file model.txt (compact mmCIF, C-alpha atoms)
# COMPACT_ATOMS: atom_id res chain seq x y z
CA MET I 1 19.26 19.10 14.71
CA HIS I 2 19.93 19.25 10.95
CA VAL I 3 23.26 20.67 9.79
CA VAL I 4 24.05 21.74 6.23
CA VAL I 5 27.77 21.55 5.46
CA ALA I 6 28.70 23.56 2.35
CA THR I 7 32.31 22.81 1.51
CA HIS I 8 34.70 23.34 -1.37
CA GLY I 9 33.74 20.61 -3.82
CA HIS I 10 36.02 18.58 -6.08
CA CYS I 11 38.77 19.21 -3.53
CA PHE I 12 40.38 16.75 -1.12
CA ASP I 13 40.83 19.46 1.53
CA GLY I 14 37.15 20.35 1.19
CA LEU I 15 36.14 16.71 1.73
CA ALA I 16 38.51 16.21 4.66
CA SER I 17 37.36 19.47 6.27
CA ALA I 18 33.78 18.19 6.12
CA VAL I 19 34.81 14.94 7.80
CA VAL I 20 36.59 16.63 10.72
CA PHE I 21 33.84 19.24 11.07
CA THR I 22 31.22 16.48 11.24
CA ARG I 23 33.16 14.88 14.11
CA LEU I 24 33.18 18.27 15.85
CA ILE I 25 29.44 18.87 15.47
CA GLN I 26 28.54 15.34 16.52
CA ASN I 27 30.29 16.08 19.80
CA VAL I 28 28.86 19.58 20.18
CA GLU I 29 25.26 18.87 19.17
CA GLY I 30 24.93 15.14 19.85
CA ALA I 31 25.03 11.91 17.87
CA SER I 32 21.43 12.31 16.64
CA THR I 33 22.41 15.28 14.45
CA THR I 34 21.70 14.81 10.74
CA PHE I 35 23.86 16.21 7.94
CA ALA I 36 23.53 17.34 4.34
CA TYR I 37 26.72 17.93 2.35
CA ARG I 38 26.82 20.46 -0.48
CA SER I 39 29.65 20.76 -2.98
CA CYS I 40 30.46 24.40 -3.76
CA GLY I 41 32.57 25.79 -6.58
CA TYR I 42 33.42 28.95 -8.48
CA GLY I 43 32.64 27.88 -12.04
CA GLU I 44 29.60 28.52 -14.17
CA GLY I 45 26.70 26.38 -12.98
CA GLN I 46 28.41 25.34 -9.74
CA LEU I 47 26.72 25.69 -6.37
CA THR I 48 27.38 28.64 -4.06
CA PRO I 49 26.25 28.89 -0.40
CA THR I 50 23.09 30.96 -0.81
CA ASP I 51 20.24 31.18 1.70
CA GLU I 52 18.46 28.47 -0.26
CA VAL I 53 21.44 26.14 0.10
CA LEU I 54 22.01 26.98 3.78
CA SER I 55 18.64 25.63 4.88
CA GLY I 56 19.61 23.73 8.04
CA ASP I 57 19.14 24.45 11.72
CA GLN I 58 22.90 25.03 11.68
CA ASN I 59 24.80 25.95 8.49
CA ALA I 60 28.53 25.74 7.87
CA VAL I 61 30.78 26.94 5.07
CA LEU I 62 34.21 25.26 4.91
CA ASP I 63 37.27 25.94 2.76
CA TYR I 64 35.30 28.44 0.66
CA ARG I 65 34.60 32.14 0.39
CA PHE I 66 32.63 33.77 3.17
CA ALA I 67 28.85 33.76 2.70
CA PRO I 68 27.37 37.12 3.85
CA THR I 69 24.12 35.76 5.21
CA GLU I 70 22.55 35.53 8.64
CA ARG I 71 21.85 31.86 7.98
CA LEU I 72 25.56 31.07 8.31
CA THR I 73 26.36 29.77 11.82
CA TRP I 74 29.81 28.15 11.35
CA TYR I 75 32.73 29.22 9.16
CA PHE I 76 36.24 27.87 8.57
CA ASP I 77 38.62 29.04 5.85
CA HIS I 78 42.29 29.68 5.14
CA HIS I 79 42.27 31.41 1.74
CA ARG I 80 43.60 34.97 1.57
CA THR I 81 40.73 35.79 -0.77
CA ALA I 82 37.99 34.62 1.61
CA PHE I 83 36.27 38.02 1.71
CA ALA I 84 35.02 39.88 -1.34
CA ASN I 85 35.00 43.28 0.36
CA ASP I 86 35.30 45.14 3.68
CA GLU I 87 31.61 44.66 4.40
CA GLU I 88 32.08 40.89 4.45
CA ARG I 89 35.11 41.23 6.72
CA GLN I 90 33.09 43.34 9.13
CA MET I 91 30.23 40.83 9.10
CA PHE I 92 32.68 38.03 9.86
CA ALA I 93 34.22 40.06 12.70
CA ALA I 94 30.79 40.69 14.17
CA LYS I 95 30.15 36.93 14.24
CA GLN I 96 33.50 35.94 15.74
CA PRO I 97 32.32 36.37 19.38
CA THR I 98 30.00 33.38 18.84
CA GLY I 99 33.14 31.22 18.89
CA ARG I 100 32.11 29.49 15.67
CA PHE I 101 33.78 31.62 13.01
CA PHE I 102 37.43 30.92 12.18
CA TYR I 103 39.62 32.44 9.49
CA GLU I 104 43.37 31.77 9.54
CA PRO I 105 45.19 32.42 6.22
CA ALA I 106 48.48 31.19 7.69
CA TYR I 107 47.15 27.61 7.81
CA SER I 108 48.33 25.27 5.07
CA SER I 109 44.94 23.54 4.87
CA CYS I 110 41.41 24.12 6.09
CA THR I 111 41.33 20.57 7.46
CA LYS I 112 44.22 21.34 9.79
CA LEU I 113 42.43 24.48 10.97
CA VAL I 114 39.20 22.59 11.74
CA CYS I 115 41.20 19.84 13.46
CA GLU I 116 43.07 22.20 15.77
CA VAL I 117 39.96 24.25 16.60
CA ALA I 118 38.03 21.05 17.40
CA ARG I 119 40.78 19.85 19.71
CA GLU I 120 41.87 23.11 21.34
CA LYS I 121 38.64 25.15 21.49
CA PHE I 122 36.08 22.38 21.98
CA GLY I 123 38.11 19.53 23.48
CA VAL I 124 36.98 17.18 20.71
CA SER I 125 39.29 14.26 19.91
CA VAL I 126 40.23 13.64 16.29
CA ALA I 127 41.55 10.16 17.05
CA GLY I 128 41.42 7.99 13.97
CA LEU I 129 41.44 10.98 11.61
CA GLU I 130 45.13 11.88 11.93
CA ASN I 131 46.11 10.31 8.60
CA LEU I 132 43.27 12.10 6.81
CA VAL I 133 44.37 15.42 8.30
CA HIS I 134 47.98 14.71 7.32
CA TRP I 135 47.19 13.96 3.69
CA ALA I 136 44.76 16.87 3.33
CA ASP I 137 47.54 19.15 4.53
CA VAL I 138 50.16 17.61 2.24
CA ILE I 139 47.92 17.73 -0.84
CA ASP I 140 46.54 21.23 -0.30
CA SER I 141 49.95 22.76 0.45
CA ALA I 142 51.87 20.66 -2.12
CA ALA I 143 54.22 19.48 0.63
CA PHE I 144 55.67 16.70 -1.53
CA LYS I 145 59.39 15.98 -1.76
CA ASP I 146 59.32 16.49 -5.55
CA PRO I 147 56.81 16.83 -8.43
CA GLU I 148 57.11 13.12 -9.23
CA GLU I 149 55.74 12.26 -5.79
CA ALA I 150 52.92 14.74 -6.36
CA LEU I 151 52.04 12.94 -9.59
CA ASP I 152 52.35 9.43 -8.16
CA ARG I 153 49.14 7.50 -8.75
CA THR I 154 50.44 4.22 -7.31
CA ASN I 155 49.57 5.72 -3.91
CA PRO I 156 45.91 4.85 -3.12
CA VAL I 157 45.41 8.15 -1.28
CA MET I 158 46.49 10.09 -4.36
CA ARG I 159 44.09 8.03 -6.45
CA LEU I 160 41.31 8.88 -4.01
CA ALA I 161 42.27 12.56 -4.23
CA ALA I 162 42.03 12.34 -8.03
CA VAL I 163 38.58 10.76 -7.74
CA VAL I 164 37.43 13.54 -5.40
CA GLU I 165 38.74 16.23 -7.75
CA ARG I 166 36.85 14.66 -10.66
CA TYR I 167 33.64 13.43 -9.03
CA GLY I 168 33.38 15.44 -5.79
CA ASP I 169 29.74 16.54 -5.97
CA ASP I 170 27.03 16.37 -3.27
CA LYS I 171 26.50 12.66 -3.87
CA LEU I 172 30.15 11.67 -3.46
CA LEU I 173 30.60 13.85 -0.37
CA THR I 174 27.52 12.29 1.19
CA GLU I 175 28.93 8.84 0.44
CA LEU I 176 32.50 9.41 1.61
CA VAL I 177 32.16 11.56 4.74
CA PRO I 178 30.44 8.89 6.90
CA LYS I 179 32.84 6.21 5.65
CA LEU I 180 35.91 8.29 6.48
CA LEU I 181 34.53 8.90 9.97
CA GLN I 182 34.17 5.18 10.58
CA ARG I 183 37.06 3.56 8.69
CA PRO I 184 40.76 4.33 8.10
CA LEU I 185 41.70 6.52 5.14
CA ASP I 186 43.86 3.81 3.56
CA GLU I 187 40.97 1.35 3.64
CA ILE I 188 38.59 3.78 1.96
CA ALA I 189 41.23 4.72 -0.62
CA ARG I 190 41.59 1.06 -1.59
CA ALA I 191 37.85 0.37 -1.67
CA GLN I 192 36.43 -1.16 -4.83
CA GLU I 193 34.06 1.75 -5.51
CA VAL I 194 36.98 4.21 -5.43
CA GLU I 195 39.11 2.02 -7.68
CA LYS I 196 36.24 1.74 -10.18
CA ARG I 197 35.89 5.49 -10.36
CA TYR I 198 39.64 5.95 -10.68
CA ALA I 199 39.83 3.42 -13.51
CA LYS I 200 37.54 5.67 -15.55
CA ILE I 201 39.89 8.64 -15.27
CA ALA I 202 43.33 6.97 -15.14
CA GLY I 203 43.95 7.49 -18.83
CA GLN I 204 42.99 11.15 -18.61
CA HIS I 205 46.06 11.89 -16.53
CA GLU I 206 48.42 10.46 -19.12
CA ARG I 207 46.55 12.30 -21.86
CA PHE I 208 46.92 15.54 -19.90
CA VAL I 209 50.68 15.05 -19.52
CA GLU I 210 51.08 14.54 -23.27
CA ARG I 211 48.99 17.62 -24.08
CA VAL I 212 51.04 19.78 -21.71
CA ARG I 213 54.25 18.41 -23.21
CA ALA I 214 53.03 19.33 -26.70
CA ARG I 215 51.56 22.76 -25.96
CA ALA I 216 53.70 24.27 -23.19
CA VAL I 217 55.68 27.42 -23.96
CA GLN I 218 58.36 28.74 -21.63
CA ARG I 219 58.41 32.52 -21.12
CA GLY I 220 61.52 33.18 -19.08
CA ARG I 221 60.85 31.70 -15.66
CA VAL I 222 57.18 30.96 -16.47
CA VAL I 223 55.69 27.97 -18.27
CA MET I 224 52.43 28.85 -20.00
CA VAL I 225 50.09 26.21 -21.40
CA ASP I 226 46.97 26.88 -23.49
CA LEU I 227 44.65 23.86 -23.41
CA THR I 228 41.47 25.52 -24.65
CA ASP I 229 41.31 23.58 -27.91
CA GLU I 230 39.24 20.81 -26.32
CA VAL I 231 37.41 20.14 -23.07
CA LEU I 232 39.53 18.95 -20.13
CA GLU I 233 38.21 16.56 -17.53
CA THR I 234 40.98 17.44 -15.12
CA ILE I 235 44.00 19.70 -14.64
CA GLY I 236 47.17 18.15 -13.23
CA LYS I 237 48.59 20.79 -10.90
CA PHE I 238 52.19 19.57 -10.90
CA VAL I 239 52.77 18.29 -14.43
CA THR I 240 54.47 21.49 -15.59
CA TYR I 241 56.95 21.27 -12.71
CA ALA I 242 57.89 17.72 -13.61
CA LEU I 243 58.40 18.67 -17.27
CA TYR I 244 60.07 22.03 -16.54
CA PRO I 245 61.80 21.56 -13.17
CA ARG I 246 63.63 24.93 -13.24
CA ALA I 247 60.52 26.99 -14.09
CA VAL I 248 59.44 29.13 -11.14
CA TYR I 249 55.81 29.65 -12.11
CA SER I 250 53.15 27.90 -14.17
CA VAL I 251 50.08 29.36 -15.89
CA ILE I 252 47.61 26.93 -17.46
CA VAL I 253 44.41 27.99 -19.19
CA GLY I 254 42.00 25.15 -19.88
CA LEU I 255 38.50 24.65 -21.17
CA MET I 256 36.46 22.77 -18.58
CA LYS I 257 32.94 21.38 -18.88
CA ASN I 258 31.33 24.37 -17.14
CA ALA I 259 34.03 27.04 -17.23
CA THR I 260 37.25 28.30 -18.71
CA LYS I 261 39.83 28.05 -15.94
CA ILE I 262 43.23 29.63 -15.38
CA SER I 263 45.43 27.75 -12.89
CA VAL I 264 48.45 29.61 -11.56
CA GLY I 265 51.14 28.09 -9.35
CA TYR I 266 54.62 28.47 -7.87
CA ASN I 267 57.05 25.59 -8.30
CA PRO I 268 58.36 24.86 -4.77
CA TRP I 269 61.08 22.59 -6.19
CA SER I 270 62.54 25.22 -8.55
CA GLY I 271 65.16 26.42 -6.09
CA ALA I 272 64.00 30.02 -6.56
CA PRO I 273 61.95 32.03 -4.03
CA CYS I 274 58.30 32.89 -4.60
CA ASP I 275 58.37 36.67 -5.06
CA ALA I 276 54.73 37.18 -6.02
CA ASP I 277 51.44 36.75 -4.17
CA ILE I 278 49.48 34.57 -6.57
CA SER I 279 46.25 34.95 -4.59
CA ALA I 280 46.41 38.74 -4.97
CA ILE I 281 47.11 38.47 -8.70
CA CYS I 282 44.17 36.11 -9.23
CA ALA I 283 41.90 38.27 -7.06
CA ARG I 284 42.33 41.17 -9.48
CA TYR I 285 40.52 39.09 -12.08
CA GLY I 286 37.81 37.76 -9.76
CA GLY I 287 39.66 34.63 -8.66
CA GLY I 288 41.61 33.76 -5.54
CA GLY I 289 43.64 31.18 -3.69
CA HIS I 290 46.85 31.21 -1.68
CA PRO I 291 50.18 33.03 -2.01
CA PHE I 292 51.65 30.01 -3.85
CA VAL I 293 48.68 28.84 -5.91
CA GLY I 294 45.47 30.30 -7.26
CA ALA I 295 42.88 30.20 -9.99
CA VAL I 296 40.54 32.37 -12.03
CA GLN I 297 37.39 31.08 -13.68
CA PHE I 298 35.41 32.56 -16.53
CA GLY I 299 32.29 31.42 -18.32
CA ARG I 300 32.34 28.41 -20.61
CA HIS I 301 32.37 30.65 -23.70
CA GLU I 302 34.80 33.32 -22.47
CA ILE I 303 37.82 31.58 -23.95
CA GLU I 304 39.39 34.65 -25.53
CA ARG I 305 39.04 36.64 -22.31
CA ALA I 306 40.64 33.79 -20.34
CA ARG I 307 43.51 33.51 -22.82
CA SER I 308 44.12 37.25 -22.57
CA VAL I 309 44.14 37.22 -18.77
CA ALA I 310 46.39 34.15 -18.67
CA LEU I 311 48.89 35.94 -20.91
CA GLU I 312 48.76 39.04 -18.68
CA ILE I 313 49.43 36.92 -15.59
CA ALA I 314 52.26 35.00 -17.25
CA THR I 315 53.85 38.26 -18.45
CA GLU I 316 53.65 39.73 -14.95
CA LEU I 317 55.18 36.64 -13.33
CA ALA I 318 57.92 36.46 -15.94
CA GLY I 319 59.11 39.82 -14.63
call {"tool": "encode", "arguments": {"input": "model.txt", "output": "structure tokens"}}
result
Amino acid sequence: MHVVVATHGHCFDGLASAVVFTRLIQNVEGASTTFAYRSCGYGEGQLTPTDEVLSGDQNAVLDYRFAPTERLTWYFDHHRTAFANDEERQMFAAKQPTGRFFYEPAYSSCTKLVCEVAREKFGVSVAGLENLVHWADVIDSAAFKDPEEALDRTNPVMRLAAVVERYGDDKLLTELVPKLLQRPLDEIARAQEVEKRYAKIAGQHERFVERVRARAVQRGRVVMVDLTDEVLETIGKFVTYALYPRAVYSVIVGLMKNATKISVGYNPWSGAPCDADISAICARYGGGGHPFVGAVQFGRHEIERARSVALEIATELAG
């Protein structure tokens, strides 16, 4: 039995979901099952779960938009924007009786959803993976005590998460999933190969902080940052909250290697309620996410369009 696991790439929750799902399938299909891991994204040139990608005997999509194809045999997601249209929702509903299709937007992470389904629906133990599930849930839902903790890179797990966000392609997923199934998360996070990769990007975080500090503009309760003047290797999700602790929302538009990306977020430490559904706002422009965080991606050369949309979003959130 060969299983293709297409998961959200460059995302710690996507990686962790693949780990827990692999444990589930090994118990359902047997230890001789083989796996191929594919890193999916929404940017220009990034992989999407097409029929060509979903070429296994069993094919799973995790932590990513629904793939309307008969080749799909397993599905787990928690994003409110999982379905592009009613036809996809109906196709998902038609597959639910198989007992292998799960969509729960109330879940704070896809990893937690896979974990609970594995345990409660299939009786599969997740022993040894509890810490991985915990951190995937914390990171994906931003359940940190403050933005400083969210930015803390002295924590090996946060360094691993940074490595996954930067390098999380097929190759890295294929390398890390088996290791995380066999060894504790803390041990993998401190491994020499992870530290080497992190060393290459450590300076980028500090550079990002300084660029945000220099280019951020506060529009009422919104901090807007235009970072399209040069290519970014990474976007620090919580930097604006650390620099502007009373801001309620953040809108960052950045030029990435393969896309122009708008990142939108609610500051959970602002003391103000979240009175907008960010996923719905992003969906209007072809993006998606969660009620508290979302993103929109445009082509590498659509900078002016991205700037215009970012300004529209910031104006709307400013009220």
call {"tool": "residues_around", "arguments": {"input": "model.txt", "residues": "region 68-82 of chain I", "least_positions_apart": "6", "cutoff": "6 Å", "atoms": "only C-alpha atoms", "output": "list in words"}}
result
Gln58, Asn59, Ala60, Val61, Leu62, Arg100, Phe101, Phe102, Tyr103, Glu104, Pro105, Tyr107, Cys110, Gly288, Gly289 and His290 of chain I
call {"tool": "residues_near_point", "arguments": {"input": "model.txt", "point": "(52.2, 36.8, -13.1)", "cutoff": "10 Å", "atoms": "only C-alpha atoms", "output": "JSON list (two decimals) with C-alpha atoms, in the frame of the given file"}}
result
[["chain", "number", "residue", "atom", "x", "y", "z"],
["I", 222, "VAL", "CA", 57.18, 30.96, -16.47],
["I", 249, "TYR", "CA", 55.81, 29.65, -12.11],
["I", 250, "SER", "CA", 53.15, 27.90, -14.17],
["I", 251, "VAL", "CA", 50.08, 29.36, -15.89],
["I", 264, "VAL", "CA", 48.45, 29.61, -11.56],
["I", 265, "GLY", "CA", 51.14, 28.09, -9.35],
["I", 276, "ALA", "CA", 54.73, 37.18, -6.02],
["I", 277, "ASP", "CA", 51.44, 36.75, -4.17],
["I", 278, "ILE", "CA", 49.48, 34.57, -6.57],
["I", 281, "ILE", "CA", 47.11, 38.47, -8.70],
["I", 282, "CYS", "CA", 44.17, 36.11, -9.23],
["I", 309, "VAL", "CA", 44.14, 37.22, -18.77],
["I", 310, "ALA", "CA", 46.39, 34.15, -18.67],
["I", 311, "LEU", "CA", 48.89, 35.94, -20.91],
["I", 312, "GLU", "CA", 48.76, 39.04, -18.68],
["I", 313, "ILE", "CA", 49.43, 36.92, -15.59],
["I", 314, "ALA", "CA", 52.26, 35.00, -17.25],
["I", 315, "THR", "CA", 53.85, 38.26, -18.45],
["I", 316, "GLU", "CA", 53.65, 39.73, -14.95],
["I", 317, "LEU", "CA", 55.18, 36.64, -13.33],
["I", 318, "ALA", "CA", 57.92, 36.46, -15.94],
["I", 319, "GLY", "CA", 59.11, 39.82, -14.63]]
call {"tool": "closest_residue", "arguments": {"input": "model.txt", "among": "I:Ser108, I:Thr34, I:Thr174, I:Thr48", "to": "Leu15 (chain I)", "atoms": "only C-alpha atoms"}}
result
I:Thr174
call {"tool": "atom_distance", "arguments": {"input": "model.txt", "atom1": "CA of Thr50 (chain I)", "atom2": "CA of Val231 (chain I)"}}
result
28.6 Å
call {"tool": "atom_distance", "arguments": {"input": "model.txt", "atom1": "CA of Ala136 (chain I)", "atom2": "CA of Met256 (chain I)"}}
result
24.2 Å
call {"tool": "residues_around", "arguments": {"input": "model.txt", "residues": "Cys40 (chain I)", "least_positions_apart": "6", "cutoff": "8 Å", "atoms": "all atoms listed in the file", "output": "MDAnalysis selection string"}}
result
chainID I and resid 6:9 46:49 64
call {"tool": "residues_around", "arguments": {"input": "model.txt", "residues": "region 114-129 of chain I", "least_positions_apart": "5", "cutoff": "10 Å", "atoms": "all atoms listed in the file", "output": "VMD selection string"}}
result
chain I and resid 16 to 21 23 to 28 62 to 63 75 to 77 99 to 100 102 109 134 180 to 185
call {"tool": "closest_residue", "arguments": {"input": "model.txt", "among": "I:Arg221, I:Gly14, I:Ala214, I:Asp169", "to": "Asp137 (chain I)", "atoms": "only C-alpha atoms"}}
result
I:Gly14
call {"tool": "atom_distance", "arguments": {"input": "model.txt", "atom1": "CA of Tyr42 (chain I)", "atom2": "CA of Leu243 (chain I)"}}
result
28.4 Å
call {"tool": "build_atoms", "arguments": {"input": "model.txt", "residues": "region 279-300 of chain I", "atoms": "N, CA, C and O atoms", "output": "CSV table (one decimal), keeping the file's coordinate frame"}}
result
chain,number,residue,atom,x,y,z
I,279,SER,N,47.6,34.7,-5.0
I,279,SER,CA,46.2,35.0,-4.6
I,279,SER,C,45.8,36.4,-4.9
I,279,SER,O,44.7,36.6,-5.4
I,280,ALA,N,46.7,37.3,-4.7
I,280,ALA,CA,46.4,38.7,-5.0
I,280,ALA,C,46.3,39.0,-6.5
I,280,ALA,O,45.4,39.7,-6.9
I,281,ILE,N,47.2,38.3,-7.2
I,281,ILE,CA,47.1,38.5,-8.7
I,281,ILE,C,45.8,37.9,-9.2
I,281,ILE,O,45.1,38.6,-10.0
I,282,CYS,N,45.4,36.7,-8.8
I,282,CYS,CA,44.2,36.1,-9.2
I,282,CYS,C,42.9,36.9,-8.8
I,282,CYS,O,41.9,37.0,-9.5
I,283,ALA,N,43.0,37.5,-7.6
I,283,ALA,CA,41.9,38.3,-7.1
I,283,ALA,C,41.6,39.5,-7.9
I,283,ALA,O,40.4,39.9,-8.0
I,284,ARG,N,42.6,40.0,-8.6
I,284,ARG,CA,42.3,41.2,-9.5
I,284,ARG,C,41.4,40.8,-10.6
I,284,ARG,O,40.8,41.7,-11.2
I,285,TYR,N,41.4,39.5,-11.0
I,285,TYR,CA,40.5,39.1,-12.1
I,285,TYR,C,39.3,38.3,-11.6
I,285,TYR,O,38.7,37.6,-12.4
I,286,GLY,N,39.0,38.4,-10.3
I,286,GLY,CA,37.8,37.8,-9.8
I,286,GLY,C,38.1,36.4,-9.2
I,286,GLY,O,37.1,35.7,-8.8
I,287,GLY,N,39.3,35.9,-9.2
I,287,GLY,CA,39.7,34.6,-8.7
I,287,GLY,C,40.2,34.7,-7.3
I,287,GLY,O,39.9,35.7,-6.5
I,288,GLY,N,41.0,33.8,-6.9
I,288,GLY,CA,41.6,33.8,-5.5
I,288,GLY,C,42.5,32.6,-5.3
I,288,GLY,O,42.9,31.9,-6.3
I,289,GLY,N,42.8,32.3,-4.0
I,289,GLY,CA,43.6,31.2,-3.7
I,289,GLY,C,44.6,31.5,-2.5
I,289,GLY,O,44.2,32.1,-1.6
I,290,HIS,N,45.8,31.1,-2.7
I,290,HIS,CA,46.8,31.2,-1.7
I,290,HIS,C,48.0,32.0,-2.3
I,290,HIS,O,48.1,32.2,-3.5
I,291,PRO,N,49.0,32.3,-1.5
I,291,PRO,CA,50.2,33.0,-2.0
I,291,PRO,C,50.9,32.2,-3.1
I,291,PRO,O,51.5,32.8,-4.0
I,292,PHE,N,50.9,30.9,-3.0
I,292,PHE,CA,51.6,30.0,-3.8
I,292,PHE,C,50.8,29.4,-5.0
I,292,PHE,O,51.4,28.8,-5.9
I,293,VAL,N,49.5,29.5,-4.9
I,293,VAL,CA,48.7,28.8,-5.9
I,293,VAL,C,47.3,29.5,-5.9
I,293,VAL,O,46.8,30.0,-4.9
I,294,GLY,N,46.8,29.6,-7.1
I,294,GLY,CA,45.5,30.3,-7.3
I,294,GLY,C,44.8,30.0,-8.6
I,294,GLY,O,45.4,29.3,-9.4
I,295,ALA,N,43.6,30.5,-8.8
I,295,ALA,CA,42.9,30.2,-10.0
I,295,ALA,C,41.9,31.3,-10.3
I,295,ALA,O,41.5,32.1,-9.4
I,296,VAL,N,41.6,31.4,-11.6
I,296,VAL,CA,40.5,32.4,-12.0
I,296,VAL,C,39.6,31.6,-12.9
I,296,VAL,O,40.1,30.8,-13.8
I,297,GLN,N,38.3,31.8,-12.8
I,297,GLN,CA,37.4,31.1,-13.7
I,297,GLN,C,36.5,32.1,-14.4
I,297,GLN,O,36.0,33.0,-13.8
I,298,PHE,N,36.3,31.8,-15.7
I,298,PHE,CA,35.4,32.6,-16.5
I,298,PHE,C,34.3,31.6,-17.1
I,298,PHE,O,34.4,30.4,-16.9
I,299,GLY,N,33.4,32.2,-17.7
I,299,GLY,CA,32.3,31.4,-18.3
I,299,GLY,C,32.8,30.5,-19.4
I,299,GLY,O,33.9,30.6,-20.0
I,300,ARG,N,32.0,29.5,-19.7
I,300,ARG,CA,32.3,28.4,-20.6
I,300,ARG,C,32.7,29.0,-22.0
I,300,ARG,O,33.6,28.4,-22.7
